[in-house]
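> protein.pdb is reproduced below (PDB, C-alpha atoms and all ligand atoms).
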ATOM      1  CA  MET A   1      93.402 106.260 142.889  1.00  0.00           C
ATOM      2  CA  SER A   2      91.132 109.247 142.242  1.00  0.00           C
ATOM      3  CA  THR A   3      90.063 110.073 138.688  1.00  0.00           C
ATOM      4  CA  GLU A   4      91.699 113.111 137.125  1.00  0.00           C
ATOM      5  CA  LYS A   5      89.460 116.121 136.522  1.00  0.00           C
ATOM      6  CA  THR A   6      88.202 116.867 133.013  1.00  0.00           C
ATOM      7  CA  ARG A   7      90.987 118.620 131.094  1.00  0.00           C
ATOM      8  CA  ILE A   8      89.598 121.729 129.377  1.00  0.00           C
ATOM      9  CA  ALA A   9      90.860 123.864 126.472  1.00  0.00           C
ATOM     10  CA  VAL A  10      89.171 127.247 125.968  1.00  0.00           C
ATOM     11  CA  LEU A  11      89.245 128.603 122.402  1.00  0.00           C
ATOM     12  CA  VAL A  12      89.028 132.397 122.073  1.00  0.00           C
ATOM     13  CA  SER A  13      89.419 135.225 119.559  1.00  0.00           C
ATOM     14  CA  GLY A  14      88.810 138.433 121.501  1.00  0.00           C
ATOM     15  CA  GLY A  15      88.262 140.044 124.886  1.00  0.00           C
ATOM     16  CA  GLY A  16      87.811 136.797 126.764  1.00  0.00           C
ATOM     17  CA  THR A  17      85.200 137.815 129.342  1.00  0.00           C
ATOM     18  CA  ASN A  18      83.625 134.367 129.037  1.00  0.00           C
ATOM     19  CA  LEU A  19      87.057 132.788 129.563  1.00  0.00           C
ATOM     20  CA  GLN A  20      87.349 134.975 132.688  1.00  0.00           C
ATOM     21  CA  ALA A  21      83.960 133.731 133.905  1.00  0.00           C
ATOM     22  CA  ILE A  22      85.196 130.130 133.572  1.00  0.00           C
ATOM     23  CA  LEU A  23      88.501 130.841 135.354  1.00  0.00           C
ATOM     24  CA  ASP A  24      86.632 132.648 138.164  1.00  0.00           C
ATOM     25  CA  ALA A  25      84.167 129.759 138.438  1.00  0.00           C
ATOM     26  CA  VAL A  26      87.031 127.308 138.949  1.00  0.00           C
ATOM     27  CA  ASP A  27      88.439 129.581 141.688  1.00  0.00           C
ATOM     28  CA  SER A  28      85.080 130.032 143.421  1.00  0.00           C
ATOM     29  CA  GLY A  29      84.139 126.356 143.295  1.00  0.00           C
ATOM     30  CA  VAL A  30      81.294 126.606 140.766  1.00  0.00           C
ATOM     31  CA  ILE A  31      83.405 124.348 138.522  1.00  0.00           C
ATOM     32  CA  THR A  32      84.800 121.453 140.557  1.00  0.00           C
ATOM     33  CA  HIS A  33      85.033 118.664 137.962  1.00  0.00           C
ATOM     34  CA  GLY A  34      87.148 120.457 135.347  1.00  0.00           C
ATOM     35  CA  GLU A  35      90.458 122.313 135.020  1.00  0.00           C
ATOM     36  CA  VAL A  36      91.484 124.782 132.300  1.00  0.00           C
ATOM     37  CA  LYS A  37      94.767 123.461 130.926  1.00  0.00           C
ATOM     38  CA  VAL A  38      95.275 125.700 127.890  1.00  0.00           C
ATOM     39  CA  VAL A  39      93.781 128.705 126.105  1.00  0.00           C
ATOM     40  CA  ILE A  40      94.057 128.727 122.312  1.00  0.00           C
ATOM     41  CA  SER A  41      93.509 131.979 120.428  1.00  0.00           C
ATOM     42  CA  SER A  42      92.878 132.418 116.703  1.00  0.00           C
ATOM     43  CA  ARG A  43      94.356 135.934 117.023  1.00  0.00           C
ATOM     44  CA  ALA A  44      97.733 136.926 118.457  1.00  0.00           C
ATOM     45  CA  ASP A  45      96.338 140.228 119.814  1.00  0.00           C
ATOM     46  CA  ALA A  46      93.365 138.775 121.724  1.00  0.00           C
ATOM     47  CA  TYR A  47      93.123 140.215 125.250  1.00  0.00           C
ATOM     48  CA  ALA A  48      91.950 136.771 126.341  1.00  0.00           C
ATOM     49  CA  LEU A  49      95.615 135.677 126.173  1.00  0.00           C
ATOM     50  CA  GLU A  50      96.464 138.280 128.853  1.00  0.00           C
ATOM     51  CA  ARG A  51      93.698 136.892 131.045  1.00  0.00           C
ATOM     52  CA  ALA A  52      95.121 133.371 130.664  1.00  0.00           C
ATOM     53  CA  LYS A  53      98.617 134.589 131.505  1.00  0.00           C
ATOM     54  CA  LYS A  54      97.424 136.491 134.605  1.00  0.00           C
ATOM     55  CA  HIS A  55      95.762 133.302 135.742  1.00  0.00           C
ATOM     56  CA  GLY A  56      98.830 131.140 135.159  1.00  0.00           C
ATOM     57  CA  VAL A  57      97.215 129.196 132.309  1.00  0.00           C
ATOM     58  CA  ASP A  58      99.219 128.444 129.140  1.00  0.00           C
ATOM     59  CA  GLY A  59      98.165 130.503 126.126  1.00  0.00           C
ATOM     60  CA  LYS A  60      98.769 129.449 122.515  1.00  0.00           C
ATOM     61  CA  VAL A  61      98.086 131.184 119.208  1.00  0.00           C
ATOM     62  CA  VAL A  62      96.950 129.447 116.040  1.00  0.00           C
ATOM     63  CA  SER A  63      96.336 132.356 113.710  1.00  0.00           C
ATOM     64  CA  ARG A  64      93.698 131.637 111.072  1.00  0.00           C
ATOM     65  CA  LYS A  65      95.108 134.283 108.746  1.00  0.00           C
ATOM     66  CA  ASN A  66      98.616 132.814 108.887  1.00  0.00           C
ATOM     67  CA  CYS A  67      97.367 129.342 107.942  1.00  0.00           C
ATOM     68  CA  GLN A  68      97.238 128.335 104.272  1.00  0.00           C
ATOM     69  CA  SER A  69      94.004 126.383 104.706  1.00  0.00           C
ATOM     70  CA  GLN A  70      91.246 125.472 107.138  1.00  0.00           C
ATOM     71  CA  GLN A  71      92.878 122.049 107.435  1.00  0.00           C
ATOM     72  CA  ALA A  72      96.231 123.541 108.437  1.00  0.00           C
ATOM     73  CA  PHE A  73      94.456 125.773 110.979  1.00  0.00           C
ATOM     74  CA  GLU A  74      92.628 122.824 112.532  1.00  0.00           C
ATOM     75  CA  THR A  75      95.735 120.607 112.528  1.00  0.00           C
ATOM     76  CA  GLY A  76      97.500 123.358 114.485  1.00  0.00           C
ATOM     77  CA  ILE A  77      94.680 123.323 117.059  1.00  0.00           C
ATOM     78  CA  ILE A  78      94.509 119.502 117.237  1.00  0.00           C
ATOM     79  CA  ASP A  79      98.263 119.270 117.885  1.00  0.00           C
ATOM     80  CA  ILE A  80      97.825 121.483 120.970  1.00  0.00           C
ATOM     81  CA  LEU A  81      94.718 119.590 122.144  1.00  0.00           C
ATOM     82  CA  ASP A  82      96.680 116.318 121.891  1.00  0.00           C
ATOM     83  CA  ALA A  83      99.732 117.723 123.661  1.00  0.00           C
ATOM     84  CA  TYR A  84      97.553 118.818 126.604  1.00  0.00           C
ATOM     85  CA  LYS A  85      95.432 115.603 126.528  1.00  0.00           C
ATOM     86  CA  ILE A  86      92.256 117.685 126.334  1.00  0.00           C
ATOM     87  CA  ASP A  87      88.869 116.089 127.123  1.00  0.00           C
ATOM     88  CA  LEU A  88      86.589 119.118 126.634  1.00  0.00           C
ATOM     89  CA  ILE A  89      86.817 122.092 124.260  1.00  0.00           C
ATOM     90  CA  VAL A  90      84.972 125.306 125.129  1.00  0.00           C
ATOM     91  CA  LEU A  91      84.419 127.927 122.432  1.00  0.00           C
ATOM     92  CA  ALA A  92      84.225 131.246 124.303  1.00  0.00           C
ATOM     93  CA  GLY A  93      83.967 134.023 121.740  1.00  0.00           C
ATOM     94  CA  PHE A  94      85.852 131.905 119.176  1.00  0.00           C
ATOM     95  CA  MET A  95      85.070 133.509 115.836  1.00  0.00           C
ATOM     96  CA  SER A  96      86.174 130.796 113.368  1.00  0.00           C
ATOM     97  CA  ILE A  97      83.851 128.097 112.088  1.00  0.00           C
ATOM     98  CA  LEU A  98      85.158 124.546 112.581  1.00  0.00           C
ATOM     99  CA  SER A  99      84.825 121.888 109.869  1.00  0.00           C
ATOM    100  CA  ALA A 100      82.623 118.806 110.085  1.00  0.00           C
ATOM    101  CA  ASP A 101      85.781 116.674 110.341  1.00  0.00           C
ATOM    102  CA  PHE A 102      86.796 118.596 113.447  1.00  0.00           C
ATOM    103  CA  THR A 103      83.365 118.580 115.121  1.00  0.00           C
ATOM    104  CA  LYS A 104      82.939 114.823 114.433  1.00  0.00           C
ATOM    105  CA  LYS A 105      86.326 114.063 115.971  1.00  0.00           C
ATOM    106  CA  TYR A 106      85.207 115.729 119.224  1.00  0.00           C
ATOM    107  CA  GLU A 107      81.510 114.783 119.195  1.00  0.00           C
ATOM    108  CA  ASN A 108      79.762 115.860 122.455  1.00  0.00           C
ATOM    109  CA  ARG A 109      83.059 117.354 123.611  1.00  0.00           C
ATOM    110  CA  ILE A 110      82.783 120.878 122.219  1.00  0.00           C
ATOM    111  CA  LEU A 111      80.658 123.569 123.901  1.00  0.00           C
ATOM    112  CA  ASN A 112      79.828 126.996 122.505  1.00  0.00           C
ATOM    113  CA  VAL A 113      78.210 130.050 124.044  1.00  0.00           C
ATOM    114  CA  HIS A 114      75.992 132.073 121.717  1.00  0.00           C
ATOM    115  CA  PRO A 115      74.487 135.453 122.642  1.00  0.00           C
ATOM    116  CA  SER A 116      70.830 134.787 121.728  1.00  0.00           C
ATOM    117  CA  LEU A 117      68.083 132.298 122.450  1.00  0.00           C
ATOM    118  CA  ILE A 118      68.761 129.710 119.715  1.00  0.00           C
ATOM    119  CA  PRO A 119      67.066 129.168 117.220  1.00  0.00           C
ATOM    120  CA  SER A 120      66.679 132.965 116.992  1.00  0.00           C
ATOM    121  CA  PHE A 121      69.498 135.109 115.580  1.00  0.00           C
ATOM    122  CA  CYS A 122      72.013 132.334 115.078  1.00  0.00           C
ATOM    123  CA  GLY A 123      73.893 130.481 112.342  1.00  0.00           C
ATOM    124  CA  LYS A 124      76.306 131.773 109.733  1.00  0.00           C
ATOM    125  CA  GLY A 125      76.929 135.541 109.958  1.00  0.00           C
ATOM    126  CA  PHE A 126      75.447 135.918 113.456  1.00  0.00           C
ATOM    127  CA  TYR A 127      78.275 136.618 115.844  1.00  0.00           C
ATOM    128  CA  GLY A 128      79.230 139.215 118.453  1.00  0.00           C
ATOM    129  CA  LEU A 129      77.472 142.579 118.176  1.00  0.00           C
ATOM    130  CA  LYS A 130      75.674 141.538 114.958  1.00  0.00           C
ATOM    131  CA  VAL A 131      73.449 139.203 117.003  1.00  0.00           C
ATOM    132  CA  HIS A 132      72.254 142.057 119.214  1.00  0.00           C
ATOM    133  CA  GLU A 133      71.794 144.419 116.241  1.00  0.00           C
ATOM    134  CA  ALA A 134      69.556 141.790 114.650  1.00  0.00           C
ATOM    135  CA  ALA A 135      67.510 141.257 117.828  1.00  0.00           C
ATOM    136  CA  LEU A 136      66.946 145.026 118.228  1.00  0.00           C
ATOM    137  CA  SER A 137      66.093 145.582 114.574  1.00  0.00           C
ATOM    138  CA  TYR A 138      63.565 142.707 114.648  1.00  0.00           C
ATOM    139  CA  GLY A 139      62.015 144.256 117.755  1.00  0.00           C
ATOM    140  CA  VAL A 140      61.954 141.193 120.023  1.00  0.00           C
ATOM    141  CA  LYS A 141      61.327 142.010 123.673  1.00  0.00           C
ATOM    142  CA  VAL A 142      63.256 139.065 125.120  1.00  0.00           C
ATOM    143  CA  THR A 143      66.644 137.724 124.109  1.00  0.00           C
ATOM    144  CA  GLY A 144      69.332 135.852 126.058  1.00  0.00           C
ATOM    145  CA  ALA A 145      72.128 133.354 125.683  1.00  0.00           C
ATOM    146  CA  THR A 146      72.520 129.673 124.857  1.00  0.00           C
ATOM    147  CA  VAL A 147      75.200 127.098 125.598  1.00  0.00           C
ATOM    148  CA  HIS A 148      75.102 124.160 123.211  1.00  0.00           C
ATOM    149  CA  PHE A 149      77.160 121.275 121.905  1.00  0.00           C
ATOM    150  CA  VAL A 150      78.887 122.018 118.616  1.00  0.00           C
ATOM    151  CA  ASN A 151      78.186 119.886 115.554  1.00  0.00           C
ATOM    152  CA  GLU A 152      78.646 120.467 111.813  1.00  0.00           C
ATOM    153  CA  ILE A 153      75.719 122.940 111.667  1.00  0.00           C
ATOM    154  CA  PRO A 154      76.678 126.446 112.910  1.00  0.00           C
ATOM    155  CA  ASP A 155      74.838 126.929 116.251  1.00  0.00           C
ATOM    156  CA  GLY A 156      72.889 123.728 115.477  1.00  0.00           C
ATOM    157  CA  GLY A 157      74.001 121.276 118.184  1.00  0.00           C
ATOM    158  CA  GLU A 158      72.052 120.080 121.219  1.00  0.00           C
ATOM    159  CA  ILE A 159      71.146 122.850 123.685  1.00  0.00           C
ATOM    160  CA  ILE A 160      72.500 122.449 127.220  1.00  0.00           C
ATOM    161  CA  LEU A 161      71.402 125.670 128.987  1.00  0.00           C
ATOM    162  CA  GLN A 162      69.603 128.883 128.054  1.00  0.00           C
ATOM    163  CA  LYS A 163      68.819 132.064 129.972  1.00  0.00           C
ATOM    164  CA  ALA A 164      66.462 134.865 128.966  1.00  0.00           C
ATOM    165  CA  VAL A 165      67.235 138.589 129.221  1.00  0.00           C
ATOM    166  CA  TYR A 166      64.636 141.352 128.774  1.00  0.00           C
ATOM    167  CA  ILE A 167      65.293 144.084 126.241  1.00  0.00           C
ATOM    168  CA  GLU A 168      64.918 147.657 127.573  1.00  0.00           C
ATOM    169  CA  PRO A 169      63.323 150.380 125.395  1.00  0.00           C
ATOM    170  CA  ASP A 170      66.544 152.430 125.243  1.00  0.00           C
ATOM    171  CA  ASP A 171      68.917 149.503 124.576  1.00  0.00           C
ATOM    172  CA  THR A 172      71.670 149.867 121.974  1.00  0.00           C
ATOM    173  CA  PRO A 173      73.523 146.810 120.594  1.00  0.00           C
ATOM    174  CA  GLU A 174      76.350 147.643 123.013  1.00  0.00           C
ATOM    175  CA  THR A 175      74.203 147.951 126.170  1.00  0.00           C
ATOM    176  CA  LEU A 176      72.309 144.808 125.236  1.00  0.00           C
ATOM    177  CA  GLN A 177      75.509 142.865 124.572  1.00  0.00           C
ATOM    178  CA  LYS A 178      76.821 143.838 127.994  1.00  0.00           C
ATOM    179  CA  ARG A 179      73.595 142.878 129.817  1.00  0.00           C
ATOM    180  CA  VAL A 180      73.326 139.533 128.000  1.00  0.00           C
ATOM    181  CA  MET A 181      76.900 138.776 129.051  1.00  0.00           C
ATOM    182  CA  GLN A 182      76.408 139.821 132.685  1.00  0.00           C
ATOM    183  CA  GLU A 183      72.970 138.297 133.222  1.00  0.00           C
ATOM    184  CA  ALA A 184      73.227 135.208 131.056  1.00  0.00           C
ATOM    185  CA  GLU A 185      76.521 134.183 129.391  1.00  0.00           C
ATOM    186  CA  TRP A 186      78.815 134.520 132.414  1.00  0.00           C
ATOM    187  CA  LYS A 187      76.380 132.392 134.445  1.00  0.00           C
ATOM    188  CA  ILE A 188      75.280 129.622 132.116  1.00  0.00           C
ATOM    189  CA  LEU A 189      78.661 129.009 130.463  1.00  0.00           C
ATOM    190  CA  PRO A 190      80.420 128.025 133.731  1.00  0.00           C
ATOM    191  CA  GLU A 191      77.340 126.020 134.786  1.00  0.00           C
ATOM    192  CA  ALA A 192      77.337 124.093 131.516  1.00  0.00           C
ATOM    193  CA  VAL A 193      81.099 123.521 131.727  1.00  0.00           C
ATOM    194  CA  GLU A 194      80.581 121.992 135.180  1.00  0.00           C
ATOM    195  CA  ILE A 195      77.676 119.779 134.009  1.00  0.00           C
ATOM    196  CA  VAL A 196      79.651 118.391 131.059  1.00  0.00           C
ATOM    197  CA  SER A 197      82.942 118.147 133.009  1.00  0.00           C
ATOM    198  CA  GLU A 198      81.222 116.023 135.652  1.00  0.00           C
ATOM    199  CA  ARG A 199      79.709 113.809 132.952  1.00  0.00           C
ATOM    200  CA  LEU A 200      83.074 113.305 131.235  1.00  0.00           C
ATOM    201  CA  MET A 201      84.849 112.647 134.541  1.00  0.00           C
ATOM    202  CA  LYS A 202      82.315 109.931 135.364  1.00  0.00           C
ATOM    203  CA  GLU A 203      82.887 108.409 131.895  1.00  0.00           C
ATOM    204  CA  LYS A 204      86.629 108.239 132.655  1.00  0.00           C
ATOM    205  CA  GLU A 205      85.903 106.451 135.942  1.00  0.00           C
ATOM    206  CA  ASN A 206      83.940 103.705 134.188  1.00  0.00           C
TER
HETATM  207  C1  LIG B 301      80.270 136.771 123.476  1.00  0.00           C
HETATM  208  O1  LIG B 301      79.122 137.578 123.555  1.00  0.00           O
HETATM  209  C2  LIG B 301      79.944 135.445 122.818  1.00  0.00           C
HETATM  210  O2  LIG B 301      78.687 134.937 123.165  1.00  0.00           O
HETATM  211  C3  LIG B 301      79.979 135.827 121.375  1.00  0.00           C
HETATM  212  O3  LIG B 301      81.086 136.700 121.262  1.00  0.00           O
HETATM  213  C4  LIG B 301      81.287 137.373 122.510  1.00  0.00           C
HETATM  214  C5  LIG B 301      82.711 137.140 122.964  1.00  0.00           C
HETATM  215  O4  LIG B 301      83.032 137.885 124.106  1.00  0.00           O
HETATM  216  N1  LIG B 301      80.106 134.661 120.522  1.00  0.00           N
HETATM  217  C6  LIG B 301      79.500 134.542 119.352  1.00  0.00           C
HETATM  218  O5  LIG B 301      78.840 135.409 118.841  1.00  0.00           O
HETATM  219  C7  LIG B 301      79.720 133.194 118.668  1.00  0.00           C
HETATM  220  N2  LIG B 301      78.759 133.000 117.626  1.00  0.00           N
HETATM  221  P1  LIG B 301      84.250 137.494 125.051  1.00  0.00           P
HETATM  222  O6  LIG B 301      85.487 137.351 124.168  1.00  0.00           O
HETATM  223  O7  LIG B 301      84.371 138.680 125.991  1.00  0.00           O
HETATM  224  O8  LIG B 301      83.918 136.219 125.776  1.00  0.00           O
END
Starting from the coordinates I provided, produce the structure as structure tokens.

Amino acid sequence: MSTEKTRIAVLVSGGGTNLQAILDAVDSGVITHGEVKVVISSRADAYALERAKKHGVDGKVVSRKNCQSQQAFETGIIDILDAYKIDLIVLAGFMSILSADFTKKYENRILNVHPSLIPSFCGKGFYGLKVHEAALSYGVKVTGATVHFVNEIPDGGEIILQKAVYIEPDDTPETLQKRVMQEAEWKILPEAVEIVSERLMKEKEN
């Protein structure tokens, strides 16, 4: 009997272009060892949910603002992960910080994409456009993206892949964000998902 592919949940909060990159990579054969089983959004109005629907993937909402506590929020997420028997969690533009209890429970099973070369411009308060504003205001000439495992330290887990992107003299936070996505995030996130999916599938075989 052949081993089942790694069962993936993608956690989102916004536009979901990184989710799209993962779904496209499954279709094009860049990801062969994993399957996206569910998309979980922390916001009911996230466009990422539309992308999941268009792709025939189940979408669920666990709204942070409707939960009384962080614990209730995370229990809501864990219930879905259990129901779908998820092996690997991918944070793709997920804008809520997860507790140490959560990250310990899924040690080496949570990936995150961050839009800078960690350890630059990362940690608490550095998310989305703010990361690119910080890179431009510091005046660095090279930035990029990082995919890493998630532990209890924000953006502090083991690095899996990084890709550099040059800053152009006339870049704005918006143009830089777009180029970092196109040249780095949408490439290294699917690649990292495949690397870890293959690893987890082999673990299941043994
Ligand atoms: C991406 O640039 C992602 O790296 C970033 O938010 C954007 C989400 O876009 N994540 C963080 O800043 C996390 N610290 P998307 O919803 O189109 O994938």
> Residues of chain A that have any atom at most 9 Å from an atom of ligand LIG 301 (chain B): could you tabulate them with the shortest-distance atom pair and the distance in Å to one decimal, using all atoms listed in the file, ordered by chain and increasing number, as a tab-separated table?

residue	atom	partner	partner_atom	distance
A:Val12	CA	B:LIG301	O6	6.4
A:Ser13	CA	B:LIG301	O6	6.4
A:Gly14	CA	B:LIG301	O6	4.4
A:Gly15	CA	B:LIG301	O6	3.9
A:Gly16	CA	B:LIG301	O6	3.5
A:Thr17	CA	B:LIG301	O7	3.6
A:Asn18	CA	B:LIG301	O8	3.8
A:Leu19	CA	B:LIG301	O8	6.0
A:Gln20	CA	B:LIG301	O8	7.8
A:Ala21	CA	B:LIG301	O8	8.5
A:Ala46	CA	B:LIG301	O6	8.4
A:Tyr47	CA	B:LIG301	O6	8.2
A:Ala48	CA	B:LIG301	O6	6.8
A:Leu91	CA	B:LIG301	C7	8.0
A:Ala92	CA	B:LIG301	O8	5.2
A:Gly93	CA	B:LIG301	C5	3.6
A:Phe94	CA	B:LIG301	C7	6.3
A:Met95	CA	B:LIG301	C7	6.1
A:Ser96	CA	B:LIG301	C7	8.7
A:Ile97	CA	B:LIG301	N2	9.0
A:Asn112	CA	B:LIG301	C7	7.3
A:Val113	CA	B:LIG301	O2	5.0
A:His114	CA	B:LIG301	O2	4.2
A:Pro115	CA	B:LIG301	O2	4.3
A:Ser116	CA	B:LIG301	O2	8.0
A:Cys122	CA	B:LIG301	N2	7.2
A:Gly123	CA	B:LIG301	N2	7.6
A:Lys124	CA	B:LIG301	N2	8.4
A:Gly125	CA	B:LIG301	N2	8.3
A:Phe126	CA	B:LIG301	N2	6.1
A:Tyr127	CA	B:LIG301	O5	3.3
A:Gly128	CA	B:LIG301	O5	3.8
A:Leu129	CA	B:LIG301	O5	7.3
A:Lys130	CA	B:LIG301	O5	7.9
A:Val131	CA	B:LIG301	O5	6.8
A:Ala145	CA	B:LIG301	O2	7.2
A:Thr146	CA	B:LIG301	O2	8.3
A:Val147	CA	B:LIG301	O2	8.9
A:Pro154	CA	B:LIG301	N2	8.3
A:Asp155	CA	B:LIG301	N2	7.4
A:Gln177	CA	B:LIG301	O1	6.5
A:Lys178	CA	B:LIG301	O1	8.0
A:Val180	CA	B:LIG301	O1	7.6
A:Met181	CA	B:LIG301	O1	6.0
A:Glu185	CA	B:LIG301	O2	6.6
A:Trp186	CA	B:LIG301	O8	8.5
> At a cut-off of 9 Å, using all atoms listed in the file, what residues contact Leu98 (chain A)? Leave out same-chain residues fewer than 2 positions from it and give the result as a list in words.
Gln70, Glu74, Ser96, Ala100, Asp101, Phe102, Thr103, Asn151, Glu152 and Pro154 of chain A
> Write the residues of the selection above to a file with C-alpha atoms, as a JSON list (two decimals), keeping the file's coordinate frame.

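Output (selection-v6.json):
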[["chain", "number", "residue", "atom", "x", "y", "z"],
["A", 70, "GLN", "CA", 91.25, 125.47, 107.14],
["A", 74, "GLU", "CA", 92.63, 122.82, 112.53],
["A", 96, "SER", "CA", 86.17, 130.80, 113.37],
["A", 100, "ALA", "CA", 82.62, 118.81, 110.08],
["A", 101, "ASP", "CA", 85.78, 116.67, 110.34],
["A", 102, "PHE", "CA", 86.80, 118.60, 113.45],
["A", 103, "THR", "CA", 83.36, 118.58, 115.12],
["A", 151, "ASN", "CA", 78.19, 119.89, 115.55],
["A", 152, "GLU", "CA", 78.65, 120.47, 111.81],
["A", 154, "PRO", "CA", 76.68, 126.45, 112.91]]
> When you count only C-alpha atoms, which of these residues is closest to Thr6 (chain A): A:Lys187, A:Arg43, A:Arg109, A:Lys65?
A:Arg109
> Let me know the residues the PyMOL selection byres (((chain A and resi 176) around 10) and not hetatm) catches in the file above, as a ChimeraX atom specification.
/A:115,129,132-133,135-136,143-144,165-168,170-175,177-182
> Do you know which residues are at most 9 Å from region 82-89 of chain A counting only C-alpha atoms, after dropping those on the same chain fewer than 6 positions away, and could you put them as a PDB file with C-alpha atoms, keeping the file's coordinate frame?

ATOM      1  CA  THR A   6      88.202 116.867 133.013  1.00  0.00           C
ATOM      2  CA  ARG A   7      90.987 118.620 131.094  1.00  0.00           C
ATOM      3  CA  ILE A   8      89.598 121.729 129.377  1.00  0.00           C
ATOM      4  CA  ALA A   9      90.860 123.864 126.472  1.00  0.00           C
ATOM      5  CA  VAL A  10      89.171 127.247 125.968  1.00  0.00           C
ATOM      6  CA  LEU A  11      89.245 128.603 122.402  1.00  0.00           C
ATOM      7  CA  GLY A  34      87.148 120.457 135.347  1.00  0.00           C
ATOM      8  CA  LYS A  37      94.767 123.461 130.926  1.00  0.00           C
ATOM      9  CA  VAL A  38      95.275 125.700 127.890  1.00  0.00           C
ATOM     10  CA  TYR A 106      85.207 115.729 119.224  1.00  0.00           C
ATOM     11  CA  ASN A 108      79.762 115.860 122.455  1.00  0.00           C
ATOM     12  CA  ARG A 109      83.059 117.354 123.611  1.00  0.00           C
ATOM     13  CA  ILE A 110      82.783 120.878 122.219  1.00  0.00           C
ATOM     14  CA  LEU A 111      80.658 123.569 123.901  1.00  0.00           C
ATOM     15  CA  ASN A 112      79.828 126.996 122.505  1.00  0.00           C
ATOM     16  CA  VAL A 193      81.099 123.521 131.727  1.00  0.00           C
ATOM     17  CA  VAL A 196      79.651 118.391 131.059  1.00  0.00           C
ATOM     18  CA  SER A 197      82.942 118.147 133.009  1.00  0.00           C
ATOM     19  CA  LEU A 200      83.074 113.305 131.235  1.00  0.00           C
TER      20      LEU A 200
END
> Distance table requested - region 70-124 of chain A against region 49-62 of chain A, cut-off 7 Å, only C-alpha atoms: one row per qualifying residue with the closest atom pair and its distance in Å to one decimal, ordered by chain and rising residue number, as JSON lines.

{"residue": "A:Phe73", "atom": "CA", "partner": "A:Val62", "partner_atom": "CA", "distance": 6.7}
{"residue": "A:Gly76", "atom": "CA", "partner": "A:Val62", "partner_atom": "CA", "distance": 6.3}
{"residue": "A:Ile77", "atom": "CA", "partner": "A:Val62", "partner_atom": "CA", "distance": 6.6}
> When the PyMOL selection byres (((chain A and resi 161) around 9) and not hetatm) is applied to the structure above, which residues does it catch, written out as a list in words?
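For this structure, the PyMOL selection byres (((chain A and resi 161) around 9) and not hetatm) resolves to Ala145, Thr146, Val147, His148, Ile159, Ile160, Gln162, Lys163, Ile188, Leu189, Glu191 and Ala192 of chain A.
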> Do you have the CA of Val30 (chain A)-CA of Pro190 (chain A) distance handy?
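That distance, rounded to one decimal, is 7.2 Å.
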> Rounded to one decimal in Å, what is the spacing between CA of Gly29 (chain A) and CA of Ile195 (chain A)?
13.1 Å
> In Å to one decimal, how far is CA of Ile80 (chain A) from CA of Leu23 (chain A)?
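That distance, rounded to one decimal, is 19.5 Å.
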> Taking all atoms listed in the file into account, which of A:Val90, A:Ile153, A:Ile31, A:Val140 comes nearest Lys104 (chain A)?
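Among the listed residues, A:Ile153 lies closest to Lys104 (chain A).
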> Using all atoms listed in the file, pick whichever of A:Ala44, A:Leu117, A:Val36, A:Cys67 has the shortest atom-to-atom distance to Leu81 (chain A).
A:Val36
